[in-house]
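Note: the block below is query_3.cif and it holds mmCIF, C-alpha atoms.
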data_final
#
loop_
_atom_site.label_atom_id
_atom_site.label_comp_id
_atom_site.auth_asym_id
_atom_site.auth_seq_id
_atom_site.Cartn_x
_atom_site.Cartn_y
_atom_site.Cartn_z
CA MET H 1 0.00 0.00 0.00
CA THR H 2 1.39 3.39 -0.97
CA ASN H 3 1.17 6.44 1.25
CA GLN H 4 -1.98 8.51 0.96
CA PRO H 5 -1.68 12.28 0.61
CA SER H 6 -2.05 14.01 3.95
CA HIS H 7 -4.47 16.64 2.69
CA SER H 8 -7.59 16.74 0.57
CA THR H 9 -7.10 17.80 -3.05
CA PRO H 10 -9.41 20.75 -3.81
CA PRO H 11 -11.93 20.12 -6.57
CA ASN H 12 -10.69 21.17 -10.00
CA PRO H 13 -13.05 23.90 -11.28
CA ALA H 14 -12.33 22.75 -14.86
CA THR H 15 -13.82 19.34 -14.06
CA PRO H 16 -17.16 19.84 -12.27
CA THR H 17 -18.30 17.29 -9.71
CA PRO H 18 -20.23 14.50 -11.44
CA ASP H 19 -23.91 14.20 -10.62
CA LEU H 20 -24.67 12.11 -7.55
CA PHE H 21 -27.76 10.06 -6.74
CA THR H 22 -29.20 9.94 -10.26
CA TRP H 23 -30.48 6.70 -11.81
CA GLU H 24 -27.40 6.64 -14.02
CA PHE H 25 -25.23 6.98 -10.94
CA ALA H 26 -27.11 4.16 -9.21
CA THR H 27 -26.44 1.85 -12.14
CA ASN H 28 -22.67 2.39 -11.99
CA PRO H 29 -21.42 4.73 -9.25
CA TYR H 30 -17.79 3.66 -9.50
CA PRO H 31 -16.53 6.25 -12.06
CA THR H 32 -18.01 9.02 -9.92
CA TYR H 33 -16.41 7.59 -6.79
CA ALA H 34 -13.06 7.45 -8.61
CA TRP H 35 -13.44 11.16 -9.40
CA LEU H 36 -14.25 11.96 -5.79
CA ARG H 37 -11.27 9.96 -4.48
CA GLU H 38 -8.96 11.96 -6.72
CA HIS H 39 -10.46 15.44 -6.53
CA ALA H 40 -12.63 15.68 -3.37
CA PRO H 41 -12.04 12.63 -1.13
CA VAL H 42 -13.94 14.20 1.78
CA HIS H 43 -16.77 15.95 0.00
CA LYS H 44 -19.77 17.82 1.38
CA THR H 45 -22.95 17.31 -0.60
CA ARG H 46 -26.69 17.77 -0.29
CA LEU H 47 -28.46 14.41 -0.22
CA PRO H 48 -31.80 13.78 -1.95
CA SER H 49 -33.49 14.18 1.47
CA GLY H 50 -32.09 17.72 1.75
CA VAL H 51 -29.64 16.83 4.52
CA GLU H 52 -26.04 17.99 3.99
CA ALA H 53 -23.40 15.37 4.78
CA TRP H 54 -19.73 14.61 4.20
CA LEU H 55 -18.89 11.71 1.88
CA VAL H 56 -15.61 9.92 2.68
CA THR H 57 -14.25 7.97 -0.30
CA ARG H 58 -10.56 7.07 0.23
CA TYR H 59 -9.70 3.81 1.98
CA VAL H 60 -7.35 5.26 4.59
CA ASP H 61 -9.83 8.02 5.53
CA ALA H 62 -12.75 5.59 5.52
CA LYS H 63 -10.98 3.19 7.86
CA GLN H 64 -10.12 6.05 10.21
CA ALA H 65 -13.68 7.38 10.20
CA LEU H 66 -15.24 3.98 10.88
CA ALA H 67 -13.21 3.61 14.07
CA ASP H 68 -13.06 7.26 15.22
CA PRO H 69 -14.83 7.70 18.61
CA ARG H 70 -15.46 11.36 17.75
CA LEU H 71 -17.94 10.17 15.14
CA SER H 72 -21.00 9.04 17.06
CA LYS H 73 -23.78 6.75 15.89
CA ASN H 74 -26.31 8.56 18.08
CA PRO H 75 -28.53 10.89 16.00
CA ALA H 76 -28.86 13.16 19.03
CA HIS H 77 -25.48 14.60 18.03
CA HIS H 78 -26.83 15.88 14.71
CA ASP H 79 -26.98 19.66 14.67
CA GLU H 80 -30.37 19.60 12.91
CA PRO H 81 -33.61 17.80 13.83
CA ALA H 82 -33.44 15.89 10.55
CA HIS H 83 -33.68 12.50 12.21
CA ALA H 84 -36.95 13.39 13.92
CA LYS H 85 -38.33 14.19 10.45
CA GLY H 86 -37.31 10.80 9.11
CA LYS H 87 -34.52 12.19 6.91
CA THR H 88 -31.81 10.10 8.54
CA GLY H 89 -32.02 6.59 9.88
CA ILE H 90 -34.83 4.12 9.17
CA PRO H 91 -38.26 5.67 8.49
CA GLY H 92 -40.66 5.14 11.36
CA GLU H 93 -38.17 3.75 13.87
CA ARG H 94 -38.52 6.71 16.26
CA LYS H 95 -42.31 6.64 16.37
CA ALA H 96 -42.24 2.86 16.82
CA GLU H 97 -39.83 3.23 19.79
CA LEU H 98 -37.18 1.15 18.04
CA MET H 99 -34.28 3.61 18.31
CA THR H 100 -32.18 1.81 20.90
CA HIS H 101 -30.44 -0.60 18.54
CA LEU H 102 -26.79 -1.14 17.64
CA LEU H 103 -26.80 1.25 14.67
CA ASN H 104 -27.90 4.21 16.82
CA ILE H 105 -25.93 3.92 20.05
CA ASP H 106 -22.37 4.30 21.35
CA PRO H 107 -20.45 2.72 24.23
CA PRO H 108 -21.15 1.83 26.96
CA ASP H 109 -24.71 0.89 25.86
CA HIS H 110 -23.42 -0.41 22.53
CA THR H 111 -20.86 -2.59 24.32
CA ARG H 112 -23.50 -4.04 26.65
CA LEU H 113 -26.04 -4.85 23.94
CA ARG H 114 -23.49 -6.19 21.47
CA ARG H 115 -22.06 -8.52 24.11
CA LEU H 116 -25.51 -9.99 24.74
CA VAL H 117 -26.40 -10.64 21.11
CA SER H 118 -22.93 -11.64 19.86
CA LYS H 119 -23.33 -15.10 21.45
CA ALA H 120 -25.68 -16.04 18.60
CA PHE H 121 -23.07 -15.23 15.95
CA THR H 122 -20.02 -17.05 17.22
CA PRO H 123 -18.30 -19.34 14.67
CA ARG H 124 -19.64 -22.39 16.55
CA ARG H 125 -23.25 -21.22 16.54
CA VAL H 126 -23.08 -20.20 12.88
CA ALA H 127 -21.57 -23.59 12.00
CA GLU H 128 -24.43 -25.30 13.83
CA PHE H 129 -26.87 -23.29 11.73
CA ALA H 130 -25.23 -24.30 8.42
CA PRO H 131 -27.46 -27.36 7.77
CA ARG H 132 -30.57 -25.22 8.14
CA VAL H 133 -29.18 -22.64 5.67
CA GLN H 134 -28.46 -25.45 3.20
CA GLU H 135 -31.97 -26.84 3.71
CA LEU H 136 -33.55 -23.44 3.04
CA THR H 137 -31.35 -22.95 -0.02
CA ASN H 138 -32.34 -26.32 -1.49
CA ASP H 139 -36.03 -25.78 -0.77
CA LEU H 140 -36.09 -22.39 -2.49
CA ILE H 141 -34.27 -23.67 -5.60
CA ASP H 142 -36.66 -26.65 -5.69
CA ARG H 143 -39.54 -24.22 -6.16
CA PHE H 144 -38.27 -22.91 -9.51
CA ALA H 145 -35.68 -25.41 -10.73
CA ALA H 146 -38.16 -27.19 -13.02
CA ASP H 147 -39.40 -23.94 -14.58
CA GLY H 148 -36.28 -23.07 -16.56
CA SER H 149 -36.44 -19.42 -15.48
CA ALA H 150 -36.68 -17.32 -12.32
CA ASP H 151 -36.18 -13.91 -10.81
CA LEU H 152 -33.30 -14.69 -8.49
CA ILE H 153 -34.01 -11.65 -6.31
CA HIS H 154 -37.69 -12.36 -5.64
CA ASP H 155 -37.52 -16.16 -5.74
CA PHE H 156 -34.21 -16.78 -3.99
CA ALA H 157 -31.95 -13.99 -2.72
CA PHE H 158 -34.75 -12.24 -0.84
CA PRO H 159 -36.52 -15.11 0.97
CA LEU H 160 -33.38 -17.03 1.99
CA PRO H 161 -32.00 -14.55 4.57
CA ILE H 162 -35.49 -13.60 5.77
CA TYR H 163 -36.36 -17.18 6.70
CA ALA H 164 -32.88 -17.76 8.13
CA ILE H 165 -32.91 -14.73 10.44
CA CYS H 166 -36.51 -15.50 11.47
CA ASP H 167 -35.40 -19.00 12.50
CA LEU H 168 -32.45 -17.58 14.39
CA LEU H 169 -34.63 -15.10 16.26
CA GLY H 170 -37.33 -17.67 16.98
CA VAL H 171 -40.18 -16.28 14.86
CA PRO H 172 -42.70 -19.14 14.45
CA ARG H 173 -42.79 -20.58 10.95
CA GLU H 174 -46.46 -19.71 10.53
CA ASP H 175 -45.63 -16.00 11.05
CA GLN H 176 -42.57 -15.77 8.82
CA ASP H 177 -44.43 -14.84 5.64
CA ASP H 178 -45.69 -11.72 7.42
CA PHE H 179 -42.08 -10.77 8.08
CA ARG H 180 -41.32 -11.39 4.43
CA ASP H 181 -44.08 -8.94 3.43
CA TRP H 182 -42.89 -6.25 5.87
CA ALA H 183 -39.28 -6.69 4.84
CA GLY H 184 -40.25 -6.48 1.18
CA MET H 185 -41.77 -3.07 1.79
CA MET H 186 -38.65 -1.91 3.62
CA ILE H 187 -36.24 -2.62 0.78
CA ARG H 188 -38.25 -0.90 -1.93
CA HIS H 189 -36.59 2.43 -1.06
CA GLY H 190 -39.29 4.66 -2.44
CA GLY H 191 -40.66 2.12 -4.90
CA GLY H 192 -43.71 1.36 -2.77
CA PRO H 193 -46.65 3.42 -1.53
CA ARG H 194 -45.89 6.62 0.35
CA GLY H 195 -45.33 5.89 4.03
CA GLY H 196 -45.18 2.16 3.38
CA VAL H 197 -41.86 1.65 5.16
CA ALA H 198 -43.03 3.43 8.32
CA ARG H 199 -46.26 1.39 8.35
CA SER H 200 -44.29 -1.84 7.98
CA VAL H 201 -42.00 -0.81 10.83
CA LYS H 202 -45.06 -0.12 13.00
CA LYS H 203 -46.58 -3.52 12.19
CA MET H 204 -43.31 -5.25 12.93
CA ARG H 205 -43.00 -3.41 16.26
CA SER H 206 -46.51 -4.45 17.28
CA TYR H 207 -45.82 -8.05 16.34
CA LEU H 208 -42.51 -8.10 18.22
CA ALA H 209 -44.15 -6.74 21.38
CA ASP H 210 -46.68 -9.59 21.26
CA LEU H 211 -44.00 -12.19 20.47
CA ILE H 212 -41.80 -11.01 23.35
CA HIS H 213 -44.79 -11.33 25.69
CA ARG H 214 -45.56 -14.86 24.48
CA LYS H 215 -41.95 -15.97 24.73
CA ARG H 216 -41.59 -14.55 28.23
CA GLU H 217 -44.65 -16.53 29.34
CA ALA H 218 -43.29 -19.68 27.69
CA LEU H 219 -39.91 -19.24 29.38
CA SER H 220 -41.51 -18.89 32.79
CA ASP H 221 -43.06 -22.34 32.36
CA ALA H 222 -40.06 -24.07 30.75
CA PRO H 223 -36.75 -25.38 32.15
CA THR H 224 -33.59 -23.52 31.18
CA PRO H 225 -32.28 -25.01 27.90
CA HIS H 226 -28.90 -26.67 27.70
CA PRO H 227 -26.27 -23.99 26.96
CA GLY H 228 -24.99 -25.97 23.96
CA GLY H 229 -28.41 -26.22 22.32
CA ASN H 230 -28.43 -26.91 18.60
CA LEU H 231 -29.98 -24.47 16.14
CA SER H 232 -29.69 -26.63 13.07
CA GLY H 233 -32.15 -28.65 11.04
CA THR H 234 -35.10 -28.49 13.43
CA PRO H 235 -38.64 -28.63 12.04
CA THR H 236 -39.51 -25.55 14.09
CA PRO H 237 -37.31 -23.15 16.11
CA VAL H 238 -36.41 -24.81 19.42
CA PRO H 239 -38.36 -23.14 22.30
CA GLY H 240 -36.08 -21.18 24.56
CA GLU H 241 -32.96 -21.65 22.44
CA ASP H 242 -33.57 -18.86 19.94
CA LEU H 243 -31.94 -15.46 20.08
CA LEU H 244 -35.04 -13.54 21.14
CA SER H 245 -35.60 -15.91 24.09
CA GLY H 246 -31.95 -15.45 25.01
CA LEU H 247 -32.35 -11.68 25.11
CA ILE H 248 -35.52 -11.98 27.21
CA ARG H 249 -33.78 -14.37 29.58
CA ALA H 250 -30.87 -11.95 29.92
CA SER H 251 -33.22 -9.06 30.67
CA ASP H 252 -34.94 -11.14 33.34
CA HIS H 253 -31.62 -12.05 34.99
CA GLY H 254 -30.14 -8.69 35.81
CA GLU H 255 -28.88 -7.47 32.41
CA HIS H 256 -31.27 -4.49 32.50
CA LEU H 257 -32.56 -4.90 28.97
CA THR H 258 -35.79 -2.99 28.50
CA GLU H 259 -38.56 -4.38 26.31
CA ASN H 260 -37.82 -1.59 23.82
CA GLU H 261 -34.17 -2.67 23.68
CA VAL H 262 -35.16 -6.30 23.08
CA ALA H 263 -37.62 -5.29 20.35
CA ALA H 264 -35.16 -2.86 18.78
CA MET H 265 -32.45 -5.51 18.72
CA ALA H 266 -34.74 -8.02 17.00
CA PHE H 267 -35.86 -5.32 14.58
CA ILE H 268 -32.38 -4.23 13.51
CA LEU H 269 -31.21 -7.82 13.10
CA LEU H 270 -34.13 -8.38 10.74
CA PHE H 271 -33.73 -5.08 8.94
CA ALA H 272 -29.94 -4.97 8.62
CA GLY H 273 -29.40 -8.71 8.67
CA PHE H 274 -31.45 -9.62 5.64
CA GLU H 275 -30.96 -6.86 3.06
CA THR H 276 -27.18 -7.10 3.15
CA THR H 277 -27.45 -10.80 2.31
CA VAL H 278 -30.10 -10.21 -0.37
CA ASN H 279 -27.65 -7.88 -2.08
CA LEU H 280 -24.63 -10.10 -1.50
CA ILE H 281 -26.36 -12.99 -3.28
CA GLY H 282 -27.89 -10.79 -6.00
CA ASN H 283 -24.83 -8.66 -6.73
CA GLY H 284 -22.54 -11.67 -6.41
CA THR H 285 -24.55 -13.81 -8.83
CA TYR H 286 -24.74 -10.94 -11.31
CA ALA H 287 -20.96 -10.42 -11.12
CA LEU H 288 -20.33 -14.11 -11.78
CA LEU H 289 -22.76 -14.21 -14.71
CA THR H 290 -21.03 -11.22 -16.31
CA HIS H 291 -17.48 -12.51 -15.65
CA PRO H 292 -17.55 -15.97 -17.26
CA GLU H 293 -13.86 -16.69 -16.75
CA GLN H 294 -14.15 -16.14 -13.00
CA ARG H 295 -17.35 -18.16 -12.85
CA ALA H 296 -15.68 -21.07 -14.70
CA ARG H 297 -12.78 -20.86 -12.27
CA LEU H 298 -15.13 -21.17 -9.30
CA GLU H 299 -17.18 -23.98 -10.87
CA LYS H 300 -14.01 -25.98 -11.51
CA SER H 301 -12.97 -25.52 -7.89
CA LEU H 302 -16.38 -26.60 -6.57
CA ALA H 303 -16.43 -29.66 -8.86
CA ALA H 304 -13.09 -30.70 -7.34
CA GLY H 305 -14.60 -30.49 -3.84
CA GLU H 306 -12.49 -27.48 -2.88
CA HIS H 307 -13.87 -24.52 -0.94
CA GLY H 308 -10.90 -22.17 -0.67
CA LEU H 309 -11.81 -20.25 -3.82
CA LEU H 310 -15.44 -20.03 -2.68
CA GLU H 311 -14.32 -18.37 0.54
CA THR H 312 -11.92 -15.88 -1.06
CA GLY H 313 -14.43 -15.41 -3.87
CA VAL H 314 -17.20 -14.23 -1.57
CA GLU H 315 -14.77 -11.77 0.04
CA GLU H 316 -13.89 -10.46 -3.41
CA LEU H 317 -17.55 -10.11 -4.35
CA LEU H 318 -18.06 -8.12 -1.14
CA ARG H 319 -15.21 -5.82 -2.17
CA TYR H 320 -15.97 -5.57 -5.89
CA ASP H 321 -19.68 -4.71 -5.73
CA GLY H 322 -20.73 -5.13 -2.13
CA PRO H 323 -24.21 -5.02 -0.61
CA VAL H 324 -23.62 -1.88 1.49
CA GLU H 325 -22.66 1.17 -0.54
CA LEU H 326 -22.44 3.68 2.31
CA ALA H 327 -21.95 2.92 5.98
CA THR H 328 -24.80 4.04 8.20
CA TRP H 329 -24.90 7.54 9.64
CA ARG H 330 -22.25 9.01 11.88
CA PHE H 331 -22.29 12.45 13.55
CA ALA H 332 -19.30 14.50 14.70
CA THR H 333 -19.41 15.08 18.45
CA ARG H 334 -16.75 17.79 18.21
CA PRO H 335 -14.71 19.48 15.47
CA LEU H 336 -12.25 17.16 13.72
CA THR H 337 -10.11 16.93 10.62
CA LEU H 338 -10.57 14.02 8.24
CA GLY H 339 -8.54 13.66 5.06
CA GLY H 340 -7.38 17.26 5.48
CA GLN H 341 -10.97 18.52 5.63
CA ASP H 342 -12.33 20.33 8.69
CA ILE H 343 -15.62 18.87 9.90
CA ALA H 344 -17.77 20.79 12.38
CA ALA H 345 -19.45 19.36 15.46
CA GLY H 346 -22.89 18.03 14.55
CA ASP H 347 -22.07 17.38 10.90
CA PRO H 348 -23.21 14.03 9.46
CA VAL H 349 -20.51 11.82 7.94
CA LEU H 350 -21.17 8.99 5.50
CA VAL H 351 -18.33 6.60 4.73
CA VAL H 352 -18.60 5.37 1.13
CA LEU H 353 -17.56 1.73 1.47
CA ALA H 354 -18.01 1.12 -2.27
CA ALA H 355 -15.49 3.86 -3.06
CA ALA H 356 -12.97 2.83 -0.41
CA ASP H 357 -13.03 -0.77 -1.61
CA ARG H 358 -12.08 0.33 -5.15
CA ASP H 359 -9.22 2.58 -3.98
CA PRO H 360 -6.11 1.88 -6.12
CA GLU H 361 -3.92 3.10 -3.26
CA ARG H 362 -5.07 0.04 -1.30
CA PHE H 363 -6.04 -2.63 -3.85
CA ALA H 364 -4.11 -3.65 -6.94
CA ASP H 365 -6.29 -3.47 -10.08
CA PRO H 366 -9.34 -2.55 -7.98
CA ASP H 367 -11.78 -2.57 -10.91
CA VAL H 368 -10.84 -6.17 -11.77
CA LEU H 369 -12.82 -9.07 -10.27
CA ASP H 370 -10.34 -11.66 -8.99
CA LEU H 371 -11.95 -14.43 -6.92
CA GLY H 372 -8.54 -15.58 -5.70
CA ARG H 373 -7.51 -12.16 -4.35
CA ARG H 374 -5.58 -12.69 -1.11
CA ASP H 375 -4.71 -9.20 0.12
CA ASN H 376 -8.33 -8.25 0.58
CA GLN H 377 -8.97 -6.32 3.79
CA HIS H 378 -12.13 -4.79 2.38
CA LEU H 379 -14.54 -2.65 4.40
CA GLY H 380 -17.70 -4.30 3.08
CA TYR H 381 -18.89 -5.12 6.60
CA GLY H 382 -17.36 -2.07 8.24
CA HIS H 383 -14.50 -1.72 10.70
CA GLY H 384 -14.05 -1.06 14.40
CA ILE H 385 -16.59 -1.59 17.16
CA HIS H 386 -19.51 -1.33 14.72
CA TYR H 387 -18.20 -4.10 12.45
CA CYS H 388 -21.23 -6.03 11.21
CA LEU H 389 -22.32 -8.46 13.91
CA GLY H 390 -24.01 -10.80 11.46
CA ALA H 391 -21.11 -11.00 8.99
CA PRO H 392 -20.35 -14.69 9.76
CA LEU H 393 -23.97 -15.66 9.03
CA ALA H 394 -24.08 -13.52 5.88
CA ARG H 395 -20.88 -15.14 4.62
CA LEU H 396 -22.32 -18.59 5.29
CA GLU H 397 -25.51 -17.73 3.42
CA GLY H 398 -23.60 -16.17 0.52
CA GLN H 399 -21.25 -19.13 0.14
CA THR H 400 -24.07 -21.67 0.41
CA ALA H 401 -26.32 -19.82 -2.03
CA LEU H 402 -23.70 -19.27 -4.72
CA ALA H 403 -22.20 -22.77 -4.51
CA THR H 404 -25.62 -24.43 -4.67
CA LEU H 405 -26.84 -22.29 -7.56
CA LEU H 406 -23.74 -22.99 -9.66
CA THR H 407 -23.83 -26.71 -8.87
CA ARG H 408 -27.53 -27.35 -9.42
CA LEU H 409 -28.02 -24.96 -12.35
CA PRO H 410 -24.70 -25.22 -14.23
CA ASP H 411 -25.92 -23.40 -17.38
CA LEU H 412 -27.48 -20.51 -15.45
CA GLN H 413 -27.42 -17.31 -17.50
CA LEU H 414 -28.98 -13.86 -17.60
CA ALA H 415 -32.33 -13.63 -19.33
CA GLY H 416 -32.12 -10.39 -21.24
CA ASP H 417 -29.73 -7.50 -21.67
CA PRO H 418 -27.74 -6.47 -18.55
CA ALA H 419 -28.35 -2.84 -19.56
CA ASP H 420 -32.05 -3.36 -18.82
CA LEU H 421 -31.45 -4.25 -15.17
CA ARG H 422 -32.39 -1.63 -12.60
CA TRP H 423 -30.80 -0.98 -9.24
CA ARG H 424 -32.87 -0.06 -6.21
CA GLY H 425 -32.76 3.56 -5.16
CA GLY H 426 -31.69 4.42 -1.64
CA LEU H 427 -28.72 5.83 0.15
CA ILE H 428 -27.14 3.00 2.12
CA MET H 429 -27.66 -0.29 0.30
CA ARG H 430 -26.72 -1.35 -3.24
CA GLY H 431 -28.81 -4.07 -4.85
CA LEU H 432 -30.72 -5.08 -7.96
CA ARG H 433 -34.49 -4.76 -8.18
CA THR H 434 -34.70 -7.96 -10.23
CA LEU H 435 -32.31 -10.55 -11.65
CA PRO H 436 -34.08 -12.58 -14.36
CA VAL H 437 -32.25 -15.79 -15.28
CA GLU H 438 -32.81 -18.87 -17.40
CA PHE H 439 -31.40 -22.39 -17.30
CA THR H 440 -32.12 -25.96 -18.33
CA PRO H 441 -35.06 -27.12 -16.17
CA GLU H 442 -34.40 -29.81 -13.62
CA ARG H 443 -36.61 -32.87 -13.85
CA ARG H 444 -39.22 -32.86 -11.12
#
Before anything else, please render the file you have as structure tokens.
Amino acid sequence: MTNQPSHSTPPNPATPTPDLFTWEFATNPYPTYAWLREHAPVHKTRLPSGVEAWLVTRYVDAKQALADPRLSKNPAHHDEPAHAKGKTGIPGERKAELMTHLLNIDPPDHTRLRRLVSKAFTPRRVAEFAPRVQELTNDLIDRFAADGSADLIHDFAFPLPIYAICDLLGVPREDQDDFRDWAGMMIRHGGGPRGGVARSVKKMRSYLADLIHRKREALSDAPTPHPGGNLSGTPTPVPGEDLLSGLIRASDHGEHLTENEVAAMAFILLFAGFETTVNLIGNGTYALLTHPEQRARLEKSLAAGEHGLLETGVEELLRYDGPVELATWRFATRPLTLGGQDIAAGDPVLVVLAAADRDPERFADPDVLDLGRRDNQHLGYGHGIHYCLGAPLARLEGQTALATLLTRLPDLQLAGDPADLRWRGGLIMRGLRTLPVEFTPERR
């Protein structure tokens, strides 16, 4: 890695800043991010919501910002009441009393809550959940494998992480389709009816309050489960061994978790835990279908029973066109300098992960997809104390989904012109609206 310049290069008046947040930009933001890295690496812009924020695009500055304690996750530090108006954060979360989750709090509360929920995402627990992820993957492919065509977003990438995170939380199977409907509204990013996201958040909050009550009653009548309880392959989530029951049990044994904190934790795991994986599977499949030499390389590795290239490949897909374009909101608690740019207290800061992960000062040939890339310390799941808690589960789901698709549907290909594909609008996430594919039908 070469040394980064110690100061921000002022924008060149002869080359005006490219347009941000247009549909053309959403389709391929990377040339614009390359311009920003070179000319205005810490750049103040007005977002579509009207909020002014700093965009951080260079890798070294992004990594610093993600771990800087002067940049708070708490919207209370914003110098404008934009959050109360729904212009930052998740629409409807304040009214639904779902604010006290990991994306909105700092230590020591963040440390306390993360410690409680992290037990569900240890390597051992995720490994125990692997058979269930494989079962879900097979079941979803079974539904369209004989048709010869599918929309891989709607039919596969979207339902897989929803059902997986519902199982992990302990949402009864008979209720999981409701969660799928609410989650579907959340990821439309303006494509649904006005106020639809806030209404879905409200419905989810009401359901979670009832579910917490039911689980608390069930726990009071049940023996404490064995601490090594298995999450995998069960016909229904095991009573008392799911994550939501664990949070309730902790709150009832001196951990001082309020009901709002329990509900907010379940909410953010559903909200943040599924869309990142939807986009990982969707973006990753699209990248493989449009890079046939890399796809053939991975298929050859899988046919030989090897998994090393699958593992490095998913990391490269996270770097190359990852599911999270911008890290979630941060707010300066006091004046600071970032990339040579002075940032005032109260200013919002958005770290552009997609730009940092294509920085040529950090990655050799950053615009080239190389599934075997080894030096790949990408920022796709963040950095520092807010590093994505569910990253191990998302990686498992991504690896399982891609390997199973390529193995079961070996002649999978895009149905139509890639230029006709549309990317979802929105500030934080990057994902396709649809991904139509065709293949030789499996025999039923």
Minimum-distance residue to Asn28 of chain H, chosen among H:Leu243, H:Ala209, H:Ala391, H:Ala419 (using all atoms listed in the file):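 Looking only at the distances to Asn28 of chain H, the closest residue turns out to be H:Ala419.
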Could you tell me which residues the PyMOL selection byres ((chain H and resi 214) around 12) returns for this structure, as an MDAnalysis selection string? chainID H and resid 170:172 207:213 215:221 239:240 244:245 248
Between atom CA of Gly282 of chain H and atom CA of Arg114 of chain H, measure the distance and give it in Å to one decimal.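 Computing it gives 28.2 Å between the two atoms.
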Step by step, gather every atom of segment 371-388 of chain H that the file lists, find the box along x, y and z that holds them, add 6 Å on each side, and finally give centre and edge lengths in Å to one decimal, as AutoDock Vina command-line options.
--center_x -13.0 --center_y -8.3 --center_z 5.1 --size_x 28.5 --size_y 26.5 --size_z 36.1
Rank nothing, just name the residue among H:Ile153, H:Leu257, H:Leu350, H:Ala164 nearest to Val133 of chain H, using all atoms listed in the file. H:Ala164
Enter the distance from atom CA of Pro18 of chain H to atom CA of Phe363 of chain H, in Å, rounded to one decimal. 23.5 Å
Using only C-alpha atoms, find the one residue out of H:Asp155, H:Leu389, H:Phe331, H:Glu24 that sits nearest to Arg115 of chain H.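 Counting only C-alpha atoms, the residue closest to Arg115 of chain H is H:Leu389.
If you count all atoms listed in the file and ignore residues fewer than 6 places along the chain from Leu288 of chain H, what sits within 12 Å of it is Leu280, Ile281, Gly282, Gln294, Arg295, Ala296, Arg297, Leu298, Glu299, Leu310, Gly313, Val314, Glu316, Leu317, Tyr320, Asp321, Leu369, Asp370, Leu371, Leu402, Ala403, Leu405, Leu406, Leu412, Gln413 and Leu414 of chain H.
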Expressed in Å, the length from atom CA of Met265 of chain H to atom CA of Asn283 of chain H is 26.8 Å
I need the residue set behind the PyMOL selection byres ((chain H and resi 34) around 10) for this file; please write it as a PyMOL selection string. chain H and resi 29-33+35-41+57-58+355-356+358-360
Which residues are close to segment 134-140 of chain H, i.e. within 12 Å by all atoms listed in the file, leaving aside same-chain residues fewer than 3 positions away? Reply as a PyMOL selection string. chain H and resi 127-131+143-146+150-167+232-235+281+396-405+407-409
Sorted by chain and rising residue number, which residues of segment 32-74 of chain H lie within 10 Å of segment 325-328 of chain H, and what are their closest atom pairs and distances in Å to one decimal, counting only C-alpha atoms, as a tab-separated table?
residue	atom	partner	partner_atom	distance
H:Leu55	CA	H:Leu326	CA	8.8
H:Val56	CA	H:Leu326	CA	9.3
H:Thr57	CA	H:Leu326	CA	9.6
H:Ala62	CA	H:Ala327	CA	9.6
H:Leu66	CA	H:Ala327	CA	8.4
H:Lys73	CA	H:Thr328	CA	8.2
Skipping near chain neighbours, those fewer than 2 positions away, what residues fall within 10 Å of segment 105-109 of chain H using only C-alpha atoms, listed as JSON, numbers by chain? {"H": [69, 71, 72, 73, 74, 75, 76, 99, 100, 101, 102, 103, 111, 112, 113, 114, 115, 385, 386]}
Within-10 Å shell of (-31.3, -10.8, 20.2) in input frame, all atoms listed in the file, as a ChimeraX atom specification: /H:113-114,116-120,168-170,242-248,250,261-269
Those selected residues, please, written with C-alpha atoms and delivered as an mmCIF file, in the coordinates of the input.
data_model
loop_
_atom_site.group_PDB
_atom_site.id
_atom_site.type_symbol
_atom_site.label_atom_id
_atom_site.label_comp_id
_atom_site.auth_asym_id
_atom_site.auth_seq_id
_atom_site.Cartn_x
_atom_site.Cartn_y
_atom_site.Cartn_z
ATOM 1 C CA LEU H 113 -26.040 -4.850 23.940
ATOM 2 C CA ARG H 114 -23.490 -6.190 21.470
ATOM 3 C CA LEU H 116 -25.510 -9.990 24.740
ATOM 4 C CA VAL H 117 -26.400 -10.640 21.110
ATOM 5 C CA SER H 118 -22.930 -11.640 19.860
ATOM 6 C CA LYS H 119 -23.330 -15.100 21.450
ATOM 7 C CA ALA H 120 -25.680 -16.040 18.600
ATOM 8 C CA LEU H 168 -32.450 -17.580 14.390
ATOM 9 C CA LEU H 169 -34.630 -15.100 16.260
ATOM 10 C CA GLY H 170 -37.330 -17.670 16.980
ATOM 11 C CA ASP H 242 -33.570 -18.860 19.940
ATOM 12 C CA LEU H 243 -31.940 -15.460 20.080
ATOM 13 C CA LEU H 244 -35.040 -13.540 21.140
ATOM 14 C CA SER H 245 -35.600 -15.910 24.090
ATOM 15 C CA GLY H 246 -31.950 -15.450 25.010
ATOM 16 C CA LEU H 247 -32.350 -11.680 25.110
ATOM 17 C CA ILE H 248 -35.520 -11.980 27.210
ATOM 18 C CA ALA H 250 -30.870 -11.950 29.920
ATOM 19 C CA GLU H 261 -34.170 -2.670 23.680
ATOM 20 C CA VAL H 262 -35.160 -6.300 23.080
ATOM 21 C CA ALA H 263 -37.620 -5.290 20.350
ATOM 22 C CA ALA H 264 -35.160 -2.860 18.780
ATOM 23 C CA MET H 265 -32.450 -5.510 18.720
ATOM 24 C CA ALA H 266 -34.740 -8.020 17.000
ATOM 25 C CA PHE H 267 -35.860 -5.320 14.580
ATOM 26 C CA ILE H 268 -32.380 -4.230 13.510
ATOM 27 C CA LEU H 269 -31.210 -7.820 13.100
#
